[in-house]
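File shown: my_file25.cif. Contents: mmCIF, C-alpha atoms.
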```cif
data_input
loop_
_atom_site.group_PDB
_atom_site.id
_atom_site.type_symbol
_atom_site.label_atom_id
_atom_site.label_comp_id
_atom_site.auth_asym_id
_atom_site.auth_seq_id
_atom_site.Cartn_x
_atom_site.Cartn_y
_atom_site.Cartn_z
ATOM 1 C CA MET W 194 -3.243 176.469 67.880
ATOM 2 C CA HIS W 195 0.473 175.824 67.873
ATOM 3 C CA ILE W 196 2.699 172.771 67.817
ATOM 4 C CA CYS W 197 5.566 172.143 70.260
ATOM 5 C CA GLN W 198 8.153 169.433 69.774
ATOM 6 C CA LEU W 199 11.009 168.245 71.988
ATOM 7 C CA LEU W 200 13.537 165.591 70.942
ATOM 8 C CA LEU W 201 15.441 163.631 73.595
ATOM 9 C CA PRO W 202 17.181 160.244 73.573
ATOM 10 C CA ALA W 203 14.418 157.630 73.337
ATOM 11 C CA ILE W 204 11.791 160.253 74.170
ATOM 12 C CA VAL W 205 9.835 162.279 71.644
ATOM 13 C CA PHE W 206 7.125 164.745 72.503
ATOM 14 C CA ALA W 207 4.681 166.556 70.277
ATOM 15 C CA ALA W 208 1.853 168.706 71.561
ATOM 16 C CA VAL W 209 -1.108 170.501 70.109
ATOM 17 C CA ALA W 210 -2.226 173.191 72.526
ATOM 18 C CA ALA W 211 -5.267 175.436 72.498
ATOM 19 C CA THR W 212 -4.665 178.974 73.753
ATOM 20 C CA ALA W 213 -8.251 179.749 74.770
ATOM 21 C CA PRO W 214 -8.870 180.349 78.492
ATOM 22 C CA VAL W 215 -10.543 177.606 80.483
ATOM 23 C CA GLN W 216 -14.293 177.687 80.107
ATOM 24 C CA LYS W 217 -16.796 176.332 82.619
ATOM 25 C CA ARG W 218 -17.564 173.214 80.621
ATOM 26 C CA ASP W 219 -17.203 169.488 81.131
ATOM 27 C CA ALA W 220 -14.752 167.468 79.034
ATOM 28 C CA GLY W 221 -17.254 164.672 78.593
ATOM 29 C CA PHE W 222 -16.731 161.076 77.577
ATOM 30 C CA LEU W 223 -17.610 161.483 73.908
ATOM 31 C CA SER W 224 -15.261 164.451 73.433
ATOM 32 C CA VAL W 225 -12.097 162.797 74.799
ATOM 33 C CA ARG W 226 -12.493 158.992 74.706
ATOM 34 C CA THR W 227 -9.941 157.022 72.692
ATOM 35 C CA LYS W 228 -11.161 153.414 72.739
ATOM 36 C CA ASN W 229 -13.861 152.830 75.361
ATOM 37 C CA THR W 230 -17.383 152.189 74.130
ATOM 38 C CA LYS W 231 -18.805 152.884 77.586
ATOM 39 C CA ASP W 232 -18.105 155.694 80.029
ATOM 40 C CA MET W 233 -16.636 154.078 83.161
ATOM 41 C CA SER W 234 -16.264 157.329 85.079
ATOM 42 C CA GLY W 235 -18.255 157.987 88.218
ATOM 43 C CA ARG W 236 -19.931 161.116 86.914
ATOM 44 C CA GLY W 237 -23.360 159.527 87.253
ATOM 45 C CA GLY W 238 -23.020 159.249 91.020
ATOM 46 C CA ASP W 239 -20.959 162.396 91.655
ATOM 47 C CA PRO W 240 -22.411 165.766 92.691
ATOM 48 C CA PRO W 241 -22.918 168.067 89.673
ATOM 49 C CA GLU W 242 -20.406 170.592 91.077
ATOM 50 C CA LYS W 243 -17.533 168.075 90.910
ATOM 51 C CA TYR W 244 -15.384 168.437 87.785
ATOM 52 C CA PHE W 245 -13.003 165.453 87.798
ATOM 53 C CA HIS W 246 -14.701 162.066 87.961
ATOM 54 C CA GLU W 247 -12.641 159.056 89.011
ATOM 55 C CA SER W 248 -13.549 155.666 87.541
ATOM 56 C CA ILE W 249 -16.161 153.395 89.079
ATOM 57 C CA PHE W 250 -13.592 150.577 89.364
ATOM 58 C CA HIS W 251 -10.610 152.424 90.934
ATOM 59 C CA PRO W 252 -10.095 155.925 92.408
ATOM 60 C CA HIS W 253 -6.784 156.471 90.567
ATOM 61 C CA TYR W 254 -8.006 155.657 87.064
ATOM 62 C CA ASP W 255 -10.006 157.865 84.687
ATOM 63 C CA GLY W 256 -12.974 155.859 83.416
ATOM 64 C CA ARG W 257 -13.211 157.797 80.155
ATOM 65 C CA PHE W 258 -10.043 156.046 78.975
ATOM 66 C CA ALA W 259 -10.007 152.681 80.746
ATOM 67 C CA GLU W 260 -12.505 150.087 81.878
ATOM 68 C CA THR W 261 -10.295 148.065 84.226
ATOM 69 C CA THR W 262 -7.045 148.280 86.173
ATOM 70 C CA LEU W 263 -3.697 147.084 84.862
ATOM 71 C CA ASN W 264 -1.858 144.195 86.480
ATOM 72 C CA TYR W 265 1.022 144.885 88.870
ATOM 73 C CA THR W 266 3.810 144.812 86.250
ATOM 74 C CA GLU W 267 1.958 146.752 83.556
ATOM 75 C CA GLN W 268 0.815 149.395 86.027
ATOM 76 C CA LYS W 269 4.417 149.998 87.140
ATOM 77 C CA LYS W 270 5.477 150.481 83.504
ATOM 78 C CA ALA W 271 2.555 152.786 82.754
ATOM 79 C CA LEU W 272 3.148 154.899 85.860
ATOM 80 C CA ARG W 273 6.836 155.240 85.044
ATOM 81 C CA GLY W 274 6.028 156.483 81.549
ATOM 82 C CA LEU W 275 3.342 158.768 82.963
ATOM 83 C CA VAL W 276 5.775 160.481 85.344
ATOM 84 C CA GLN W 277 8.631 160.665 82.845
ATOM 85 C CA ALA W 278 6.395 162.266 80.223
ATOM 86 C CA PHE W 279 5.016 164.769 82.727
ATOM 87 C CA LEU W 280 8.380 165.867 84.134
ATOM 88 C CA VAL W 281 10.118 166.223 80.773
ATOM 89 C CA THR W 282 7.168 168.073 79.231
ATOM 90 C CA PHE W 283 6.856 170.549 82.080
ATOM 91 C CA ASN W 284 10.602 171.142 82.001
ATOM 92 C CA ASP W 285 10.357 171.837 78.256
ATOM 93 C CA LEU W 286 7.498 174.278 78.896
ATOM 94 C CA SER W 287 9.555 175.988 81.655
ATOM 95 C CA ILE W 288 6.858 175.248 84.228
ATOM 96 C CA GLU W 289 8.276 174.634 87.686
ATOM 97 C CA THR W 290 6.756 171.604 89.395
ATOM 98 C CA TRP W 291 7.838 169.430 92.301
ATOM 99 C CA LEU W 292 7.076 166.035 93.859
ATOM 100 C CA MET W 293 4.917 165.810 96.967
ATOM 101 C CA HIS W 294 3.169 163.363 99.325
ATOM 102 C CA GLY W 295 3.561 159.655 98.546
ATOM 103 C CA THR W 296 5.436 160.422 95.330
ATOM 104 C CA LEU W 297 8.035 162.327 97.341
ATOM 105 C CA LEU W 298 8.229 159.381 99.754
ATOM 106 C CA GLY W 299 9.011 157.113 96.809
ATOM 107 C CA TRP W 300 11.822 159.491 95.838
ATOM 108 C CA TRP W 301 13.185 159.287 99.406
ATOM 109 C CA TRP W 302 13.650 155.541 99.165
ATOM 110 C CA ASN W 303 15.055 154.993 95.690
ATOM 111 C CA LYS W 304 13.968 157.866 93.425
ATOM 112 C CA GLN W 305 11.153 155.737 92.046
ATOM 113 C CA ILE W 306 7.388 155.410 92.421
ATOM 114 C CA LEU W 307 6.391 153.190 95.334
ATOM 115 C CA PRO W 308 5.306 149.967 93.589
ATOM 116 C CA TRP W 309 2.032 149.699 95.533
ATOM 117 C CA ASP W 310 1.126 153.345 94.945
ATOM 118 C CA SER W 311 -0.943 154.528 91.975
ATOM 119 C CA ASP W 312 -1.658 157.951 93.509
ATOM 120 C CA ILE W 313 0.890 160.314 91.922
ATOM 121 C CA ASP W 314 1.036 163.862 93.308
ATOM 122 C CA VAL W 315 2.856 166.984 92.148
ATOM 123 C CA GLN W 316 2.452 170.669 92.880
ATOM 124 C CA VAL W 317 2.825 173.937 90.962
ATOM 125 C CA SER W 318 2.655 177.614 91.865
ATOM 126 C CA GLU W 319 -0.472 179.689 91.364
ATOM 127 C CA THR W 320 1.169 181.583 88.503
ATOM 128 C CA SER W 321 2.015 178.331 86.744
ATOM 129 C CA MET W 322 -1.541 177.026 87.061
ATOM 130 C CA PHE W 323 -2.950 180.183 85.473
ATOM 131 C CA PHE W 324 -0.437 179.810 82.650
ATOM 132 C CA LEU W 325 -1.404 176.162 82.078
ATOM 133 C CA ALA W 326 -5.084 177.073 82.053
ATOM 134 C CA ALA W 327 -4.572 179.868 79.533
ATOM 135 C CA TYR W 328 -2.314 178.068 77.064
ATOM 136 C CA TYR W 329 -2.279 174.304 77.546
ATOM 137 C CA ASN W 330 -5.658 173.143 78.797
ATOM 138 C CA MET W 331 -6.859 170.058 76.888
ATOM 139 C CA SER W 332 -3.479 169.664 75.151
ATOM 140 C CA VAL W 333 -2.508 166.159 74.056
ATOM 141 C CA PHE W 334 1.186 165.251 74.295
ATOM 142 C CA TYR W 335 2.746 162.274 72.529
ATOM 143 C CA HIS W 336 5.476 160.353 74.329
ATOM 144 C CA GLY W 337 7.613 157.904 72.374
ATOM 145 C CA MET W 338 8.480 154.925 74.583
ATOM 146 C CA PRO W 339 11.226 152.335 73.984
ATOM 147 C CA GLY W 340 9.726 148.964 73.016
ATOM 148 C CA LYS W 341 6.324 150.508 72.344
ATOM 149 C CA PRO W 342 6.097 151.558 68.658
ATOM 150 C CA LYS W 343 2.901 153.566 69.064
ATOM 151 C CA GLY W 344 4.072 155.293 72.245
ATOM 152 C CA ARG W 345 1.540 156.935 74.560
ATOM 153 C CA GLU W 346 -0.631 160.029 74.473
ATOM 154 C CA TYR W 347 -1.205 162.169 77.562
ATOM 155 C CA LEU W 348 -3.933 164.720 78.144
ATOM 156 C CA LEU W 349 -3.403 167.821 80.293
ATOM 157 C CA GLU W 350 -6.812 168.828 81.657
ATOM 158 C CA VAL W 351 -7.358 171.859 83.905
ATOM 159 C CA ASN W 352 -10.250 172.050 86.336
ATOM 160 C CA PRO W 353 -12.248 175.244 85.550
ATOM 161 C CA HIS W 354 -12.467 175.814 89.317
ATOM 162 C CA TYR W 355 -8.663 176.253 89.491
ATOM 163 C CA HIS W 356 -9.017 179.989 90.191
ATOM 164 C CA ASN W 357 -10.906 179.345 93.441
ATOM 165 C CA ARG W 358 -8.364 179.886 96.251
ATOM 166 C CA GLU W 359 -10.564 178.746 99.134
ATOM 167 C CA GLN W 360 -10.395 175.375 100.910
ATOM 168 C CA THR W 361 -14.189 175.229 101.109
ATOM 169 C CA ASP W 362 -14.608 173.676 97.632
ATOM 170 C CA LYS W 363 -14.003 170.087 98.762
ATOM 171 C CA LEU W 364 -15.223 168.638 95.450
ATOM 172 C CA ASN W 365 -12.541 170.373 93.376
ATOM 173 C CA VAL W 366 -9.318 170.217 95.358
ATOM 174 C CA ILE W 367 -7.416 168.899 92.308
ATOM 175 C CA ASP W 368 -6.625 171.781 89.942
ATOM 176 C CA ALA W 369 -5.391 169.771 86.958
ATOM 177 C CA ARG W 370 -4.639 166.241 85.819
ATOM 178 C CA TRP W 371 -2.067 164.683 83.498
ATOM 179 C CA ILE W 372 -3.861 161.630 82.130
ATOM 180 C CA ASP W 373 -2.601 158.561 80.282
ATOM 181 C CA MET W 374 -5.177 158.260 77.505
ATOM 182 C CA GLU W 375 -4.496 154.536 77.098
ATOM 183 C CA SER W 376 -4.472 153.224 80.671
ATOM 184 C CA GLY W 377 -6.538 155.948 82.395
ATOM 185 C CA LEU W 378 -3.891 156.450 85.095
ATOM 186 C CA PHE W 379 -3.275 160.083 86.021
ATOM 187 C CA ILE W 380 -1.171 162.541 88.007
ATOM 188 C CA ASP W 381 -2.934 164.962 90.349
ATOM 189 C CA VAL W 382 -1.609 168.519 89.975
ATOM 190 C CA THR W 383 -2.437 170.841 92.863
ATOM 191 C CA THR W 384 -1.747 174.545 93.216
ATOM 192 C CA VAL W 385 0.205 175.988 96.143
ATOM 193 C CA ARG W 386 -0.899 179.501 97.053
ATOM 194 C CA TYR W 387 0.220 182.107 99.549
ATOM 195 C CA ASN W 388 -2.317 182.527 102.343
ATOM 196 C CA MET W 389 -2.213 186.236 103.157
ATOM 197 C CA THR W 390 -4.596 185.948 106.118
ATOM 198 C CA HIS W 391 -3.093 182.898 107.833
ATOM 199 C CA SER W 392 -2.875 183.181 111.610
ATOM 200 C CA ALA W 393 0.777 182.017 111.525
ATOM 201 C CA GLY W 394 1.785 185.172 109.660
ATOM 202 C CA GLU W 395 3.677 185.845 106.457
ATOM 203 C CA GLY W 396 5.098 183.094 104.290
ATOM 204 C CA MET W 397 2.361 180.547 104.872
ATOM 205 C CA MET W 398 1.193 178.587 101.855
ATOM 206 C CA SER W 399 -1.723 176.235 101.365
ATOM 207 C CA CYS W 400 -3.535 174.005 98.895
ATOM 208 C CA LYS W 401 -7.252 173.462 98.514
ATOM 209 C CA ASP W 402 -6.806 169.900 99.818
ATOM 210 C CA GLY W 403 -5.942 171.287 103.275
ATOM 211 C CA HIS W 404 -2.146 170.945 103.271
ATOM 212 C CA GLU W 405 -0.336 173.954 104.719
ATOM 213 C CA PHE W 406 3.350 174.804 105.161
ATOM 214 C CA ARG W 407 5.723 177.744 105.317
ATOM 215 C CA ASP W 408 7.397 178.754 102.045
ATOM 216 C CA THR W 409 10.878 178.091 103.458
ATOM 217 C CA TYR W 410 9.969 174.372 103.582
ATOM 218 C CA LEU W 411 9.372 174.411 99.826
ATOM 219 C CA PHE W 412 11.811 176.942 98.438
ATOM 220 C CA PRO W 413 14.402 177.016 97.032
ATOM 221 C CA LEU W 414 13.535 173.760 95.288
ATOM 222 C CA ARG W 415 16.235 171.092 95.000
ATOM 223 C CA ASN W 416 17.216 169.482 91.690
ATOM 224 C CA THR W 417 17.258 165.698 91.555
ATOM 225 C CA LEU W 418 16.248 162.691 89.440
ATOM 226 C CA PHE W 419 13.030 160.705 89.615
ATOM 227 C CA GLU W 420 12.360 157.637 87.481
ATOM 228 C CA GLY W 421 15.503 158.513 85.536
ATOM 229 C CA VAL W 422 14.585 162.062 84.488
ATOM 230 C CA PRO W 423 15.263 165.503 86.045
ATOM 231 C CA ALA W 424 12.831 166.500 88.794
ATOM 232 C CA LYS W 425 12.480 168.937 91.678
ATOM 233 C CA ILE W 426 11.680 168.376 95.336
ATOM 234 C CA PRO W 427 10.988 170.716 98.293
ATOM 235 C CA TYR W 428 13.991 172.185 100.108
ATOM 236 C CA ARG W 429 13.092 170.675 103.501
ATOM 237 C CA TYR W 430 11.770 167.401 102.125
ATOM 238 C CA ARG W 431 12.656 165.342 105.187
ATOM 239 C CA GLU W 432 10.675 167.512 107.570
ATOM 240 C CA LEU W 433 7.698 167.542 105.210
ATOM 241 C CA LEU W 434 7.724 163.749 104.882
ATOM 242 C CA ALA W 435 8.137 163.157 108.609
ATOM 243 C CA GLY W 436 5.329 165.595 109.350
ATOM 244 C CA GLU W 437 2.957 163.902 106.916
ATOM 245 C CA TYR W 438 3.835 160.223 107.369
ATOM 246 C CA GLY W 439 5.829 160.024 110.611
ATOM 247 C CA GLU W 440 9.489 159.167 111.139
ATOM 248 C CA LYS W 441 8.878 155.417 110.746
ATOM 249 C CA ALA W 442 7.920 155.878 107.095
ATOM 250 C CA LEU W 443 11.489 157.023 106.412
ATOM 251 C CA SER W 444 13.097 153.870 107.793
ATOM 252 C CA LEU W 445 10.531 151.051 107.852
ATOM 253 C CA THR W 446 11.708 148.499 105.272
ATOM 254 C CA GLU W 447 8.571 146.320 105.168
ATOM 255 C CA PHE W 448 5.247 147.737 104.038
ATOM 256 C CA LYS W 449 2.249 146.752 101.895
ATOM 257 C CA ASN W 450 3.562 143.236 101.265
ATOM 258 C CA HIS W 451 6.898 144.612 100.029
ATOM 259 C CA ARG W 452 10.394 144.525 101.482
ATOM 260 C CA PHE W 453 13.115 147.041 100.654
ATOM 261 C CA ASP W 454 16.291 145.426 99.354
ATOM 262 C CA ASP W 455 19.318 147.640 100.076
ATOM 263 C CA ASP W 456 21.519 145.836 97.559
ATOM 264 C CA GLN W 457 19.079 146.195 94.664
ATOM 265 C CA MET W 458 17.682 149.498 95.941
ATOM 266 C CA GLU W 459 14.225 148.188 95.139
ATOM 267 C CA TRP W 460 10.965 147.400 96.904
ATOM 268 C CA ILE W 461 10.510 143.653 96.327
ATOM 269 C CA PRO W 462 7.085 141.972 96.572
ATOM 270 C CA VAL W 463 6.983 139.546 99.494
ATOM 271 C CA THR W 464 5.837 136.126 98.264
ATOM 272 C CA GLU W 465 4.361 133.327 100.360
ATOM 273 C CA GLU W 466 7.649 131.453 99.935
ATOM 274 C CA MET W 467 9.582 134.388 101.367
ATOM 275 C CA LYS W 468 7.193 134.568 104.314
ATOM 276 C CA SER W 469 7.677 130.838 104.975
ATOM 277 C CA ARG W 470 11.455 131.194 104.989
ATOM 278 C CA ALA W 471 11.230 134.083 107.437
ATOM 279 C CA ASP W 472 9.175 131.937 109.811
ATOM 280 C CA LEU W 473 11.774 129.138 109.913
#
```

So, in terms of structure tokens, how does the structure I just supplied come out?
Amino acid sequence: MHICQLLLPAIVFAAVAATAPVQKRDAGFLSVRTKNTKDMSGRGGDPPEKYFHESIFHPHYDGRFAETTLNYTEQKKALRGLVQAFLVTFNDLSIETWLMHGTLLGWWWNKQILPWDSDIDVQVSETSMFFLAAYYNMSVFYHGMPGKPKGREYLLEVNPHYHNREQTDKLNVIDARWIDMESGLFIDVTTVRYNMTHSAGEGMMSCKDGHEFRDTYLFPLRNTLFEGVPAKIPYRYRELLAGEYGEKALSLTEFKNHRFDDDQMEWIPVTEEMKSRADL
């Protein structure tokens, strides 16, 4: 094992990483739990072939580490720390990753996570996933957070089915997860692979979750900021977002009981009082 440490203003990371290749084993409740006395994951009702088990109380929480969801304000704080820790750590490890799906849509609006969204998605290349599996699977990273003396610990867990390139394994489309060991919130990490037999010809890429695109839509990646830290996004991000969510998603300023405030550059929850004023 080896220890990595990165010092940044207000952010401190320390990691203990095992260098053994990923084995076909299950990181069970007793081996990783931090405070729960009961396993709240859905493993009991999931097919045996499925590796990652979402919680029984929410699909975007890991039930090995949490037994309930956070409230609106606390979840926003936890998700922000989750993303910041992930992006800075991967940058320190020289692993190229980029925002996708709803997380990329949040970047489009104000470079932040959409406040109603707890489904955080990033992608990596196939080479990067093999590197993570070989050197950093089951690593725990410590993230010092302002105003939180004990900080947070994050687990990087790689699905042992990561090497399967086919889209037929519907139970294991997520290749790795970055998990907040206190709240149970996590980031889904999926691998983008070249599809050499795609009917559209050379340059086509795909993920096991069914998403497909040409490499020129992804690369070269653009540098940006997300939740206040350096991040990367696909080269043709607008086309990707419009193709996935439709043009309206890029301009509609009211959604999920939130309204986008151009002055504050924030999605503001719509209260009953605000609805009453709008009806006058």

Selected residue, from W:Gly344, W:Pro462, W:Pro427, W:Pro240, that lies nearest to Leu364 (chain W) when counting only C-alpha atoms: W:Pro240

Would you kindly translate the PyMOL selection byres ((chain W and resi 363) around 9) into the concrete residues it picks from this file, as a PyMOL selection string? chain W and resi 243+360-362+364-366+401-402

Mind giving me the straight-line distance from CA of Gln316 (chain W) to CA of Asp368 (chain W) in Å, one decimal?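 A separation of 9.6 Å between them.
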
Any idea what's packed within 8 Å of region 274-288 of chain W, counting all atoms listed in the file, ignoring anything in its chain fewer than 4 positions away? Could you give it as a PyMOL selection string? chain W and resi 199+206+270+317+321+336+338+347+371-373+378-380+420-424

As a check of understanding, name the residues that the PyMOL selection byres ((chain W and resi 459) around 12) selects in the supplied structure, as a PyMOL selection string. chain W and resi 299-308+446-447+451-458+460-462

Keeping C-alpha atoms, export the residues of the selection given above as an mmCIF file, in the coordinates of the input.
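Written file, selection-v3.cif:
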```
data_model
loop_
_atom_site.group_PDB
_atom_site.id
_atom_site.type_symbol
_atom_site.label_atom_id
_atom_site.label_comp_id
_atom_site.auth_asym_id
_atom_site.auth_seq_id
_atom_site.Cartn_x
_atom_site.Cartn_y
_atom_site.Cartn_z
ATOM 1 C CA GLY W 299 9.011 157.113 96.809
ATOM 2 C CA TRP W 300 11.822 159.491 95.838
ATOM 3 C CA TRP W 301 13.185 159.287 99.406
ATOM 4 C CA TRP W 302 13.650 155.541 99.165
ATOM 5 C CA ASN W 303 15.055 154.993 95.690
ATOM 6 C CA LYS W 304 13.968 157.866 93.425
ATOM 7 C CA GLN W 305 11.153 155.737 92.046
ATOM 8 C CA ILE W 306 7.388 155.410 92.421
ATOM 9 C CA LEU W 307 6.391 153.190 95.334
ATOM 10 C CA PRO W 308 5.306 149.967 93.589
ATOM 11 C CA THR W 446 11.708 148.499 105.272
ATOM 12 C CA GLU W 447 8.571 146.320 105.168
ATOM 13 C CA HIS W 451 6.898 144.612 100.029
ATOM 14 C CA ARG W 452 10.394 144.525 101.482
ATOM 15 C CA PHE W 453 13.115 147.041 100.654
ATOM 16 C CA ASP W 454 16.291 145.426 99.354
ATOM 17 C CA ASP W 455 19.318 147.640 100.076
ATOM 18 C CA ASP W 456 21.519 145.836 97.559
ATOM 19 C CA GLN W 457 19.079 146.195 94.664
ATOM 20 C CA MET W 458 17.682 149.498 95.941
ATOM 21 C CA TRP W 460 10.965 147.400 96.904
ATOM 22 C CA ILE W 461 10.510 143.653 96.327
ATOM 23 C CA PRO W 462 7.085 141.972 96.572
#
```

Å distance separating CA of Ala220 (chain W) from CA of Arg386 (chain W), one decimal place: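 Separation between CA of Ala220 (chain W) and CA of Arg386 (chain W): 25.7 Å.
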
Tell me, in Å to one decimal, how far CA of Asn416 (chain W) is from CA of Leu292 (chain W). 10.9 Å

Once 4 Å is added on each side, what centre and edge lengths in Å to one decimal does the axis-aligned box around all listed atoms of region 412-430 of chain W have, as JSON?
```
{"center_x": 14.1, "center_y": 167.3, "center_z": 94.0, "size_x": 14.3, "size_y": 27.4, "size_z": 27.0}
```

Hits from the PyMOL selection byres ((chain W and resi 351) around 10), listed as a ChimeraX atom specification: /W:215-216,220,244-245,322-323,325-327,329-332,348-350,352-355,367-371,382

Which one is closest to Thr409 (chain W): W:His391, W:His246, W:His294, W:Arg429? Count all atoms listed in the file.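 Going through W:His391, W:His246, W:His294, W:Arg429 one by one, the smallest distance to Thr409 (chain W) is for W:Arg429.
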
Pick from W:Glu247, W:Asp312, W:Glu437, W:Glu260, whichever lies nearest to Leu272 (chain W) using all atoms listed in the file: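 Among W:Glu247, W:Asp312, W:Glu437, W:Glu260, it is W:Asp312 that comes nearest to Leu272 (chain W).
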
Name the residues in contact with Tyr410 (chain W) at a cut-off of 12 Å, using all atoms listed in the file, excluding same-chain residues fewer than 5 positions from it; report them as a VMD selection string. chain W and resid 293 396 to 398 405 415 426 to 434 436

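Comparing the minimum interatomic distances between His404 (chain W) and each of W:Gly256, W:Asp219, W:Glu440, W:Val385, counting all atoms listed in the file, we find that W:Val385 sits nearest.
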
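Closest approach to Glu319 (chain W) among W:Val463, W:Cys400, W:Leu443, W:Leu297 is made by W:Cys400 (distances from all atoms listed in the file).
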
Please, which residues are within 8 Å of (-5.7, 148.2, 81.4) by the file's coordinates, counting only C-alpha atoms, and could they come as a PDB file with C-alpha atoms, in the coordinates of the input?
```
ATOM      1  CA  ALA W 259     -10.007 152.681  80.746  1.00  0.00           C
ATOM      2  CA  GLU W 260     -12.505 150.087  81.878  1.00  0.00           C
ATOM      3  CA  THR W 261     -10.295 148.065  84.226  1.00  0.00           C
ATOM      4  CA  THR W 262      -7.045 148.280  86.173  1.00  0.00           C
ATOM      5  CA  LEU W 263      -3.697 147.084  84.862  1.00  0.00           C
ATOM      6  CA  ASN W 264      -1.858 144.195  86.480  1.00  0.00           C
ATOM      7  CA  GLU W 375      -4.496 154.536  77.098  1.00  0.00           C
ATOM      8  CA  SER W 376      -4.472 153.224  80.671  1.00  0.00           C
ATOM      9  CA  GLY W 377      -6.538 155.948  82.395  1.00  0.00           C
TER      10      GLY W 377
END
```
